[in-house]
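Reviewing the structure listed below.
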Amino acid sequence: MTLDGRLVVVTGAGRGLGLAIAHDLAEAGAHLVIAERNPQFAASAVEELAAHGVPVHRVDTDVSDPGSVQQLADRVAELGGAYGVVNNAALADGVGGKYFYDIEPDEFDRIMSVNLRGTWLVSKALYPQLRARGDGRILNIASDVAFYGPPRLMHYVASKGAIVAMTRARARDAGPDGITVNAIAPGITECEATQTVPAERHELYRINRALERPQQPEDLVGAVRFLLSDAAAYITGQTLLVDGGFVCR
Ligand SMILES: NC(=O)c1ccc[n+]([C@@H]2O[C@H](COP(=O)([O-])OP(=O)(O)OC[C@H]3O[C@@H](n4cnc5c(N)ncnc54)[C@H](O)[C@@H]3O)[C@@H](O)[C@H]2O)c1
C-alpha cells in the first residue's frame, strides 16, 4: 500500500497518534504537511520525520481558526496540492472528569470548535485541491467513545459522534468528485494525552477488549494507510473501529 509522492496533510501531528500516523505515511512514501498548533511539538516532529527521507513540511496551524486554515491551504497549494488529509487534531488531553451538568458553555464550545468545526474547516479549505486531483482522500479521526458513551466526557464524546455523522454526509457530497471520506475510531491508547486518564478507565478498557493487551499508537497506523491507499478506493462514508474489540457492533 504505497503512497509514493502523494502529499498528505496531517493535522495535530506534533505528538501522539498524529505523529505515529505521520511516521507510517512517510514510511509508505507519502510527502507530508504537518499542520500543528504547538510550535515545539511541530519542530520536534519534523526533526524526527526527516529520518524517513521524504519531504516533510511544517505549517503552524490552528484548525479552529478559518484564517489560519486558509493559510495552510494556500501553502499546500504552493507545494503542489493535497492528495489527502488526516483530520487528527483535537483537544483530547485533560478534557474529561465532569458530568454534563457541570460543563460550562465556553468549555463545550472550545471542544466543538477544534474537534468538530476544525475538522470541517480543514477539509473545506483543502477541498478544491482534492477535487482537482479527482481521487482525493479525507480521513477523520473519531473515537470509539462515540459508540460506547463513557461518563464525564460528554462534550468530547458528542464532538466525536458528530464526526461519525459528518463523515457520512460529507462522503455523499464528495462522492461525485471521486473523493472518499472515512473515519477511524480508535480506542483508548497509551500515549501522552491519556496519561492523566484515571487508572480505572484504562482498566475498564483492558478487561473489556476482545484483545486484552493495551492499545498503542502503532495499532492505528495500518488502518490509516489502508484507507488512504488505492486499495480502499471504493470505501466511503465508513467509520472503522480500531480498538481491539472494546466496542463490537
Ligand atoms: N489517545 C487516545 O486514546 C485517543 C482515542 C481515540 C481517539 N483519539 C483521537 O486521536 C487524535 C489524536 O489524539 P492524541 O491522543 O494523539 O492527542 P494529543 O493531545 O496528544 O494530540 C493532539 C494534537 O493536536 C494538536 N492540536 C490541538 N488543538 C489544535 C488546533 N486547534 N490546531 C492544530 N493542532 C491542534 C495538539 O497540539 C497535539 O499535538 C484526536 O483526534 C483524539 O480525539 C485519541
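Letters A, B, ... mark the chains of the C-alpha cells in the order given; residue numbers begin at 1 per chain; ligand numbers begin at 1, in order shown.
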
Could you pull out the residues sitting within 7 Å of ligand 1, using only C-alpha atoms and all ligand atoms, and write them as a VMD selection string?
chain A and resid 11 to 18 35 to 38 41 61 to 64 88 to 93 114 to 115 118 141 to 144 185 to 194

DSSP says helix (DSSP H, G or I) for which residues of stretch 163-231 of chain A? Put them as a PyMOL selection string?
chain A and resi 163-177+192-194+199-208+218-228+230-231

Take the residues from that selection and put them in a file with C-alpha atoms, as a PDB file, in the first residue's frame.
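Written out: selection_11.pdb:
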```
ATOM      1  CA  ILE A 163     -17.546  13.428  13.246  1.00  0.00           C
ATOM      2  CA  VAL A 164     -19.022   9.997  12.501  1.00  0.00           C
ATOM      3  CA  ALA A 165     -22.236  11.620  11.252  1.00  0.00           C
ATOM      4  CA  MET A 166     -20.347  14.303   9.324  1.00  0.00           C
ATOM      5  CA  THR A 167     -18.233  11.625   7.651  1.00  0.00           C
ATOM      6  CA  ARG A 168     -21.367  10.021   6.200  1.00  0.00           C
ATOM      7  CA  ALA A 169     -22.814  13.314   4.983  1.00  0.00           C
ATOM      8  CA  ARG A 170     -19.536  14.511   3.527  1.00  0.00           C
ATOM      9  CA  ALA A 171     -18.997  11.210   1.723  1.00  0.00           C
ATOM     10  CA  ARG A 172     -22.212  11.836  -0.206  1.00  0.00           C
ATOM     11  CA  ASP A 173     -21.188  15.419  -1.004  1.00  0.00           C
ATOM     12  CA  ALA A 174     -17.714  14.350  -2.148  1.00  0.00           C
ATOM     13  CA  GLY A 175     -18.573  11.128  -3.994  1.00  0.00           C
ATOM     14  CA  PRO A 176     -19.396  12.826  -7.309  1.00  0.00           C
ATOM     15  CA  ASP A 177     -15.880  14.343  -7.253  1.00  0.00           C
ATOM     16  CA  GLU A 192       0.880  11.411  26.236  1.00  0.00           C
ATOM     17  CA  ALA A 193      -2.761  12.521  26.178  1.00  0.00           C
ATOM     18  CA  THR A 194      -4.061   9.546  28.149  1.00  0.00           C
ATOM     19  CA  ALA A 199      -6.363   4.090  36.091  1.00  0.00           C
ATOM     20  CA  GLU A 200      -9.862   2.607  36.467  1.00  0.00           C
ATOM     21  CA  ARG A 201     -10.817   3.850  32.984  1.00  0.00           C
ATOM     22  CA  HIS A 202      -7.733   2.154  31.499  1.00  0.00           C
ATOM     23  CA  GLU A 203      -8.625  -0.998  33.460  1.00  0.00           C
ATOM     24  CA  LEU A 204     -12.222  -0.923  32.204  1.00  0.00           C
ATOM     25  CA  TYR A 205     -10.923  -0.959  28.637  1.00  0.00           C
ATOM     26  CA  ARG A 206      -8.322  -3.617  29.365  1.00  0.00           C
ATOM     27  CA  ILE A 207     -10.768  -6.153  30.737  1.00  0.00           C
ATOM     28  CA  ASN A 208     -13.468  -5.494  28.139  1.00  0.00           C
ATOM     29  CA  GLU A 218       1.154   1.931  16.150  1.00  0.00           C
ATOM     30  CA  ASP A 219      -2.045  -0.150  16.295  1.00  0.00           C
ATOM     31  CA  LEU A 220      -3.833   2.587  14.372  1.00  0.00           C
ATOM     32  CA  VAL A 221      -1.477   3.302  11.526  1.00  0.00           C
ATOM     33  CA  GLY A 222      -2.217   0.320   9.268  1.00  0.00           C
ATOM     34  CA  ALA A 223      -5.887   1.281   9.066  1.00  0.00           C
ATOM     35  CA  VAL A 224      -4.971   4.873   8.200  1.00  0.00           C
ATOM     36  CA  ARG A 225      -2.582   3.790   5.478  1.00  0.00           C
ATOM     37  CA  PHE A 226      -5.181   1.396   4.062  1.00  0.00           C
ATOM     38  CA  LEU A 227      -7.962   3.993   3.904  1.00  0.00           C
ATOM     39  CA  LEU A 228      -5.623   6.452   2.171  1.00  0.00           C
ATOM     40  CA  ASP A 230      -5.726   2.764  -3.711  1.00  0.00           C
ATOM     41  CA  ALA A 231      -6.890  -0.478  -2.068  1.00  0.00           C
TER      42      ALA A 231
END
```

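Checking A:Arg131, A:Lys124, A:Arg110, A:Lys98 one by one against A:Pro151, counting only C-alpha atoms, you find the shortest gap at A:Lys98.
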
Name the residues of stretch 67-174 of chain A that come out as strand (DSSP E) in a backbone DSSP run; write them as a ChimeraX atom specification.
/A:84-87,137-141

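Ranking A:Ile34, A:Leu126, A:Ala233, A:Val197 by their shortest atom-to-atom distance to A:His57, with only C-alpha atoms included, puts A:Ile34 first.
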
Between atom CA of A:Ile184 and atom CA of A:Asp243, what is the distance in Å, rounded to a tenth?
9.8 Å

Can you pull out the residues contacting A:Tyr127? Cut-off 9 Å, using only C-alpha atoms, and skip same-chain residues under 4 positions away; I want them as a PyMOL selection string.
chain A and resi 82+122-123+131-132+136+174

Next, dump the selected residues to file, keeping only N, CA and C atoms, as a PDB file, in the first residue's frame.
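part.pdb, freshly written:
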```pdb
ATOM      1  N   ALA A  82      -2.900  18.918  -2.199  1.00  0.00           N
ATOM      2  CA  ALA A  82      -3.018  17.727  -1.350  1.00  0.00           C
ATOM      3  C   ALA A  82      -3.682  16.577  -2.087  1.00  0.00           C
ATOM      4  N   VAL A 122     -10.792  22.418   7.839  1.00  0.00           N
ATOM      5  CA  VAL A 122      -9.597  21.970   7.095  1.00  0.00           C
ATOM      6  C   VAL A 122     -10.029  21.240   5.816  1.00  0.00           C
ATOM      7  N   SER A 123     -11.024  20.377   5.934  1.00  0.00           N
ATOM      8  CA  SER A 123     -11.487  19.641   4.747  1.00  0.00           C
ATOM      9  C   SER A 123     -12.058  20.607   3.707  1.00  0.00           C
ATOM     10  N   ARG A 131     -10.373  17.969  -5.104  1.00  0.00           N
ATOM     11  CA  ARG A 131     -11.274  17.829  -6.263  1.00  0.00           C
ATOM     12  C   ARG A 131     -10.492  17.904  -7.571  1.00  0.00           C
ATOM     13  N   ALA A 132      -9.476  18.766  -7.594  1.00  0.00           N
ATOM     14  CA  ALA A 132      -8.682  18.926  -8.818  1.00  0.00           C
ATOM     15  C   ALA A 132      -7.997  17.612  -9.194  1.00  0.00           C
ATOM     16  N   GLY A 136      -9.018  12.197  -4.382  1.00  0.00           N
ATOM     17  CA  GLY A 136      -8.544  12.601  -3.052  1.00  0.00           C
ATOM     18  C   GLY A 136      -9.155  11.788  -1.921  1.00  0.00           C
ATOM     19  N   ALA A 174     -19.006  14.441  -1.450  1.00  0.00           N
ATOM     20  CA  ALA A 174     -17.714  14.350  -2.148  1.00  0.00           C
ATOM     21  C   ALA A 174     -17.671  13.237  -3.195  1.00  0.00           C
TER      22      ALA A 174
END
```

With only C-alpha atoms as the basis for distance, which of A:Asn182, A:Ser229, A:Thr196, A:Thr239 is at the shortest distance from A:Thr2?
A:Ser229

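Across the structure, atom CA of A:Ala42 and atom CA of A:Thr180 are spaced 27.4 Å apart.
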
Go ahead and compute the interatomic distance for atom CA of A:Gln40 and atom CA of A:Ser159, in Å to one decimal.
26.3 Å

Show me, as a short mmCIF file (atom, residue, chain, number, x, y, z; two decimals) with N, CA and C atoms, in the first residue's frame, the residues that have an atom within 6 Å of A:Leu3 when counting only C-alpha atoms, minus same-chain residues fewer than 5 positions from it.
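Ended up saving to selection.cif:
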```cif
data_model
loop_
_atom_site.label_atom_id
_atom_site.label_comp_id
_atom_site.auth_asym_id
_atom_site.auth_seq_id
_atom_site.Cartn_x
_atom_site.Cartn_y
_atom_site.Cartn_z
N ALA A 28 5.44 4.91 4.00
CA ALA A 28 4.75 4.47 2.78
C ALA A 28 5.09 5.37 1.58
N GLY A 29 5.96 6.35 1.81
CA GLY A 29 6.42 7.18 0.70
C GLY A 29 5.66 8.47 0.50
N ALA A 30 4.69 8.75 1.39
CA ALA A 30 3.93 10.00 1.24
C ALA A 30 4.81 11.19 1.56
#
```

Using 12 Å as the limit and counting only C-alpha atoms, can you tabulate each residue of stretch 58-128 of chain A that touches stretch 22-26 of chain A, with its shortest atom-to-atom distance in Å and the two atoms involved, as CSV?
```
residue,atom,partner,partner_atom,distance
A:Gly84,CA,A:Leu25,CA,11.0
A:Val85,CA,A:Ala22,CA,11.1
A:Val86,CA,A:Ala22,CA,9.4
A:Asn87,CA,A:Ala22,CA,11.8
A:Asn88,CA,A:Ala22,CA,10.6
```

Go ahead and dump the residues you just picked, N, CA and C atoms, as a PDB file, in the first residue's frame.
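Result went into result.pdb, see below:
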```
ATOM      1  N   GLY A  84      -4.408  13.967   0.160  1.00  0.00           N
ATOM      2  CA  GLY A  84      -5.240  13.525   1.276  1.00  0.00           C
ATOM      3  C   GLY A  84      -5.059  14.394   2.499  1.00  0.00           C
ATOM      4  N   VAL A  85      -6.034  14.288   3.395  1.00  0.00           N
ATOM      5  CA  VAL A  85      -5.910  14.962   4.685  1.00  0.00           C
ATOM      6  C   VAL A  85      -6.356  13.993   5.779  1.00  0.00           C
ATOM      7  N   VAL A  86      -5.554  13.961   6.844  1.00  0.00           N
ATOM      8  CA  VAL A  86      -5.937  13.203   8.037  1.00  0.00           C
ATOM      9  C   VAL A  86      -6.288  14.233   9.111  1.00  0.00           C
ATOM     10  N   ASN A  87      -7.581  14.338   9.401  1.00  0.00           N
ATOM     11  CA  ASN A  87      -8.048  15.292  10.413  1.00  0.00           C
ATOM     12  C   ASN A  87      -7.923  14.664  11.787  1.00  0.00           C
ATOM     13  N   ASN A  88      -6.752  14.871  12.365  1.00  0.00           N
ATOM     14  CA  ASN A  88      -6.418  14.219  13.640  1.00  0.00           C
ATOM     15  C   ASN A  88      -6.422  15.197  14.812  1.00  0.00           C
TER      16      ASN A  88
END
```

Looking at A:Gln129, A:Thr236, A:Gln195, A:Gln70, which one is nearest to A:Val181, with distances taken over only C-alpha atoms?
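The answer is A:Thr236, which sits nearest to A:Val181.
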
Tell me which of A:Asp135, A:Glu27, A:Asp4, A:Asp65 sits closest to A:Arg117, counting only C-alpha atoms.
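Selected residue with least distance to A:Arg117: A:Asp65.
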
Which residue out of A:Gly178, A:Gln216, A:Leu121, A:Glu78 has the minimum interatomic distance to A:Ile21 when only C-alpha atoms are used?
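Among the listed residues, A:Gln216 lies closest to A:Ile21.
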
Which polymer residues have any atom within 9 Å of an atom of A:Tyr156, counting only C-alpha atoms, with same-chain residues fewer than 3 positions away left out, as a PDB file with N, CA and C atoms, in the first residue's frame?
```
ATOM      1  N   LEU A  91      -8.765  18.522  20.816  1.00  0.00           N
ATOM      2  CA  LEU A  91      -8.497  18.684  22.241  1.00  0.00           C
ATOM      3  C   LEU A  91      -8.872  17.359  22.890  1.00  0.00           C
ATOM      4  N   ALA A  92      -7.830  16.595  23.241  1.00  0.00           N
ATOM      5  CA  ALA A  92      -8.050  15.235  23.736  1.00  0.00           C
ATOM      6  C   ALA A  92      -7.364  15.019  25.077  1.00  0.00           C
ATOM      7  N   VAL A  95      -9.473  16.551  29.091  1.00  0.00           N
ATOM      8  CA  VAL A  95     -10.794  17.143  28.843  1.00  0.00           C
ATOM      9  C   VAL A  95     -11.901  16.476  29.670  1.00  0.00           C
ATOM     10  N   GLY A  96     -11.609  15.299  30.247  1.00  0.00           N
ATOM     11  CA  GLY A  96     -12.660  14.563  30.946  1.00  0.00           C
ATOM     12  C   GLY A  96     -12.798  14.954  32.409  1.00  0.00           C
ATOM     13  N   PHE A 108     -17.672  23.682  26.373  1.00  0.00           N
ATOM     14  CA  PHE A 108     -18.342  22.910  25.316  1.00  0.00           C
ATOM     15  C   PHE A 108     -17.958  23.484  23.943  1.00  0.00           C
ATOM     16  N   ILE A 111     -14.268  22.746  22.826  1.00  0.00           N
ATOM     17  CA  ILE A 111     -14.087  21.379  22.307  1.00  0.00           C
ATOM     18  C   ILE A 111     -14.668  21.273  20.900  1.00  0.00           C
ATOM     19  N   MET A 112     -15.854  21.780  20.728  1.00  0.00           N
ATOM     20  CA  MET A 112     -16.510  21.677  19.413  1.00  0.00           C
ATOM     21  C   MET A 112     -15.732  22.453  18.351  1.00  0.00           C
ATOM     22  N   ASN A 115     -12.421  20.146  17.699  1.00  0.00           N
ATOM     23  CA  ASN A 115     -12.631  18.736  17.318  1.00  0.00           C
ATOM     24  C   ASN A 115     -13.581  18.588  16.131  1.00  0.00           C
ATOM     25  N   VAL A 145     -15.359   6.257  21.744  1.00  0.00           N
ATOM     26  CA  VAL A 145     -16.265   6.785  22.777  1.00  0.00           C
ATOM     27  C   VAL A 145     -17.610   7.193  22.169  1.00  0.00           C
ATOM     28  N   ALA A 146     -17.610   7.488  20.860  1.00  0.00           N
ATOM     29  CA  ALA A 146     -18.868   7.858  20.194  1.00  0.00           C
ATOM     30  C   ALA A 146     -19.864   6.696  20.228  1.00  0.00           C
ATOM     31  N   LEU A 153     -17.613  12.923  30.108  1.00  0.00           N
ATOM     32  CA  LEU A 153     -16.818  13.283  28.920  1.00  0.00           C
ATOM     33  C   LEU A 153     -17.740  13.751  27.784  1.00  0.00           C
ATOM     34  N   SER A 159     -18.548  15.522  20.247  1.00  0.00           N
ATOM     35  CA  SER A 159     -17.766  16.008  19.092  1.00  0.00           C
ATOM     36  C   SER A 159     -17.353  14.837  18.203  1.00  0.00           C
ATOM     37  N   LYS A 160     -17.041  13.708  18.813  1.00  0.00           N
ATOM     38  CA  LYS A 160     -16.605  12.546  18.031  1.00  0.00           C
ATOM     39  C   LYS A 160     -17.797  11.855  17.353  1.00  0.00           C
ATOM     40  N   GLY A 161     -18.942  11.848  18.034  1.00  0.00           N
ATOM     41  CA  GLY A 161     -20.148  11.306  17.401  1.00  0.00           C
ATOM     42  C   GLY A 161     -20.534  12.131  16.184  1.00  0.00           C
TER      43      GLY A 161
END
```
